[in-house]
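Student: Let me begin by handing over the structure; questions about it come next.
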Amino acid sequence: MATKFSFLGDTDAKARLSEILGNFELPRFRKAIFETLRRLRDPDSSNNQIGQVMSTDADLVSRVMRTVNSTAYAPRCPITSLDHAIAMMGNSALERIVMVIGARAAMPSKVPQYMVLKEFWKTAGKRAVLAKEIAEATAPAKANLSFSAGFLQDLSVPLIAASKGDAYSIVYTASTKGEGDLHTLEKEVFGWDHAELGTMVCSEWDLPEDLAGAIMYQNVPDSALCPAPASYVASLCDAQPESWNEHFTQIVKSKHPNMSEERIKEIIAACGSKADELAKMLG
């Protein structure tokens with residue numbers, strides 16, 4: 001059953017999803033991932049019960065373990081077992097990781113040639129790492145949400161490419177060349193953007209309202225529904241890295257005067273290798 005998000009008002013998410021994607025069949029989470037998320041949200045579920053469900057999916061366990069030990073999360077000491085991961089991370093943080101793994105696994109593996117999935121997921125990893133590290137420095141309570149929102153902001157883009165084919169090519173290619181923001185070009189051509197569609201996908205996948213809100217309002221400055229670090233990375237453009245890095249630095253510096261420009265640039269410099277590692281683990 002689809003989740004009804006309060007900020008959508010009377011909007012019928014399922015109908016809107018169908019209106020945008022037509023007859024394209026939305027992929028689903030694997031059963032073990034869906035059940036793991038359900039257990040993580042259930043306050044009556046024990047760590048043992050959560051671990052039992054996760055253990056039925058060896059690939060999920062492997063990706064969770066690699067992710068929690070990655071440089072993106074940088075644990076103080078190695079997390080050596082699934083039980084250890086559940087205890088150390090806590091349900092909320094672990095839920096964010098499982099959501100990202102589930103969404104990544106559900107995405108189409110075949111898209112038109114104009115979309116290079118390897119580069120697409122690498123960029124998603126950069127958004128996640130940058131958003132998480134800025135949040136840890138400025139609003140630690142938002143770090144986990146910033147990570148998942150950063151990674152999943154463009155989750156609907158492969159779905160659009162797979163469903164629209166060449167009709168989406170001009171918009172997507174123009175964006176990757178730095179000729180305009182993707183969401184602006186989408187609205188001009190189609191009347192909707194990937195942020196709106198991503199929110200409808202969150203509804204169908206029963207993902208949390210805070211994540212859906214962060215995706216929906218990623219391009220709305222100072223929105224209360226999107227953590228600031230996630231909004232800072234929404235415009236990430238690898239076609240013009242130097243100018244974007246400078247833009248990002250100035251935005252963060254203006255919003256958080258206590259963060260030095262040197263520290264912001266250190267975070268940017270380190271995010272590349274962390275994002276590559278994250279993309280490989282999740283892929």
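FYI, nothing fancy with the structure tokens labels: chains A, B, ... in order, residues from 1 per chain, ligands from 1 as they appear.
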Would you mind listing what lies within 9 Å of Arg127 of chain A as a PyMOL selection string, with only C-alpha atoms counted and same-chain residues fewer than 6 positions away left out?
Tutor: chain A and resi 147+149-153+230+232-234+236+271+275
Student: Quick check for you: according to DSSP on this backbone, which residues of segment 112-151 of chain A are classed as alpha helix (DSSP H)? Reply as an MDAnalysis selection string.
Tutor: chainID A and resid 117:138 143:151
Student: Return the single residue from A:Ala72, A:Cys226, A:Leu40, A:Leu159 that is closest to Val129 of chain A, with distances computed using only C-alpha atoms.
Tutor: A:Ala72
Student: Could you give me, as a VMD selection string, the residues within 9 Å of Glu209 of chain A, counting only C-alpha atoms and dropping anything in the same chain fewer than 2 positions from it?
Tutor: chain A and resid 3 to 7 202 to 203 206 to 207 211 to 214
Student: Report the distance between atom CA of Glu133 of chain A and atom CA of Thr80 of chain A in Å, rounded to one decimal place.
Tutor: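 Separation of atom CA of Glu133 of chain A and atom CA of Thr80 of chain A: 23.7 Å.
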Student: Show which residues sit within 9 Å of Ile267 of chain A, as a list in words. Count only C-alpha atoms, and ignore same-chain residues fewer than 2 positions away.
Tutor: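 The contact residues come out as Val129, Leu130, Glu133, Ile134, Glu262, Arg263, Ile264, Lys265, Ala269, Ala270 and Cys271 of chain A.
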Student: Nearest to Arg41 of chain A among A:Asn91, A:Ser231, A:Ser109, A:Thr11, with distances taken over only C-alpha atoms: which residue is it?
Tutor: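 Of A:Asn91, A:Ser231, A:Ser109, A:Thr11, the one nearest Arg41 of chain A, counting only C-alpha atoms, is A:Asn91.
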Student: For Lys142 of chain A, find every residue with an atom within 9 Å (counting only C-alpha atoms), except residues of its own chain fewer than 6 positions away, and show them as a list in words.
Tutor: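 Counting only the stated atoms, we get Lys132, Ala135, Glu136, Pro227, Ala228 and Pro229 of chain A.
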Student: By how many Å are atom CA of Ser235 of chain A and atom CA of Met200 of chain A apart?
Tutor: 20.6 Å
Student: Nearest to Glu196 of chain A: which of A:Asp222, A:Glu35, A:Asp154, A:Asp210 is it, counting only C-alpha atoms?
Tutor: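 When distances to Glu196 of chain A are compared using only C-alpha atoms, the smallest one comes from A:Asp154.
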Student: As an exercise, work out the distance from atom CA of Ala13 of chain A to atom CA of Met216 of chain A in Å and give it to one decimal place.
Tutor: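 If I compute the distance from atom CA of Ala13 of chain A to atom CA of Met216 of chain A, I get 12.4 Å.
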Student: Find the residues around segment 163-176 of chain A up to 10 Å (only C-alpha atoms counted), leave out those fewer than 5 positions away in its own chain, and share them as a list in words.
Tutor: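 Near neighbours after the sequence-gap exclusion: Ile20, Leu21, Gly22, Asn23, Phe24, Glu25, Leu26, Val111, Pro112, Gln113, Tyr114, Met115, Phe120, Val157, Pro158, Asp181, Leu182, His183, Thr184, Leu185, Glu186, Lys187, Glu188, Val189, Phe190, Cys237, Asp238, Ala239 and Gln240 of chain A.
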Student: If you keep C-alpha atoms, can you produce a file of those selected residues as an mmCIF file, in the first residue's frame?
Tutor:
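That gives us part_32.cif:
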data_model
loop_
_atom_site.group_PDB
_atom_site.id
_atom_site.type_symbol
_atom_site.label_atom_id
_atom_site.label_comp_id
_atom_site.auth_asym_id
_atom_site.auth_seq_id
_atom_site.Cartn_x
_atom_site.Cartn_y
_atom_site.Cartn_z
ATOM 1 C CA ILE A 20 4.152 10.624 -15.770
ATOM 2 C CA LEU A 21 5.466 7.107 -16.482
ATOM 3 C CA GLY A 22 2.520 5.759 -18.461
ATOM 4 C CA ASN A 23 2.482 1.963 -18.637
ATOM 5 C CA PHE A 24 6.063 1.624 -17.397
ATOM 6 C CA GLU A 25 6.147 -0.904 -14.555
ATOM 7 C CA LEU A 26 7.800 0.502 -11.454
ATOM 8 C CA VAL A 111 18.857 2.479 -20.035
ATOM 9 C CA PRO A 112 19.429 4.349 -23.326
ATOM 10 C CA GLN A 113 23.042 4.949 -24.308
ATOM 11 C CA TYR A 114 22.926 8.664 -23.533
ATOM 12 C CA MET A 115 22.848 7.780 -19.823
ATOM 13 C CA PHE A 120 25.322 8.559 -12.761
ATOM 14 C CA VAL A 157 16.099 9.735 -13.478
ATOM 15 C CA PRO A 158 16.978 6.183 -14.646
ATOM 16 C CA ASP A 181 19.622 22.518 -14.413
ATOM 17 C CA LEU A 182 17.956 19.172 -15.076
ATOM 18 C CA HIS A 183 14.814 19.980 -13.099
ATOM 19 C CA THR A 184 14.338 23.289 -14.946
ATOM 20 C CA LEU A 185 14.746 21.669 -18.365
ATOM 21 C CA GLU A 186 12.338 18.873 -17.411
ATOM 22 C CA LYS A 187 9.642 21.320 -16.369
ATOM 23 C CA GLU A 188 10.061 23.320 -19.560
ATOM 24 C CA VAL A 189 9.677 20.240 -21.758
ATOM 25 C CA PHE A 190 7.427 17.897 -19.773
ATOM 26 C CA CYS A 237 27.324 18.993 -12.135
ATOM 27 C CA ASP A 238 30.347 16.891 -13.043
ATOM 28 C CA ALA A 239 30.512 18.593 -16.450
ATOM 29 C CA GLN A 240 31.869 21.735 -14.800
#
Student: Mind checking which residues fall within 8 Å of segment 48-64 of chain A, counting only C-alpha atoms, ignoring those fewer than 4 positions away in the same chain, and posting them as JSON, numbers by chain?
Tutor: {"A": [32, 33, 35, 36, 39, 40, 68, 82, 83, 86, 97, 98, 101, 281, 282]}
Student: Smallest atom-to-atom distance to Phe34 of chain A: which of A:Ser92, A:Trp205, A:Arg76, A:Trp121, using only C-alpha atoms?
Tutor: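 For Phe34 of chain A, the nearest of the candidates is A:Trp205.
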Student: Which one is closest to Ala137 of chain A: A:Ala15, A:Val252, A:Ala279, A:Met89? Count only C-alpha atoms.
Tutor: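 With only C-alpha atoms as the atom set, the closest residue is A:Val252.
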Student: Which residue gives the smallest distance to Arg96 of chain A among A:Ser81, A:Ser146, A:Gln218, A:Thr123, with only C-alpha atoms counted?
Tutor: A:Ser146
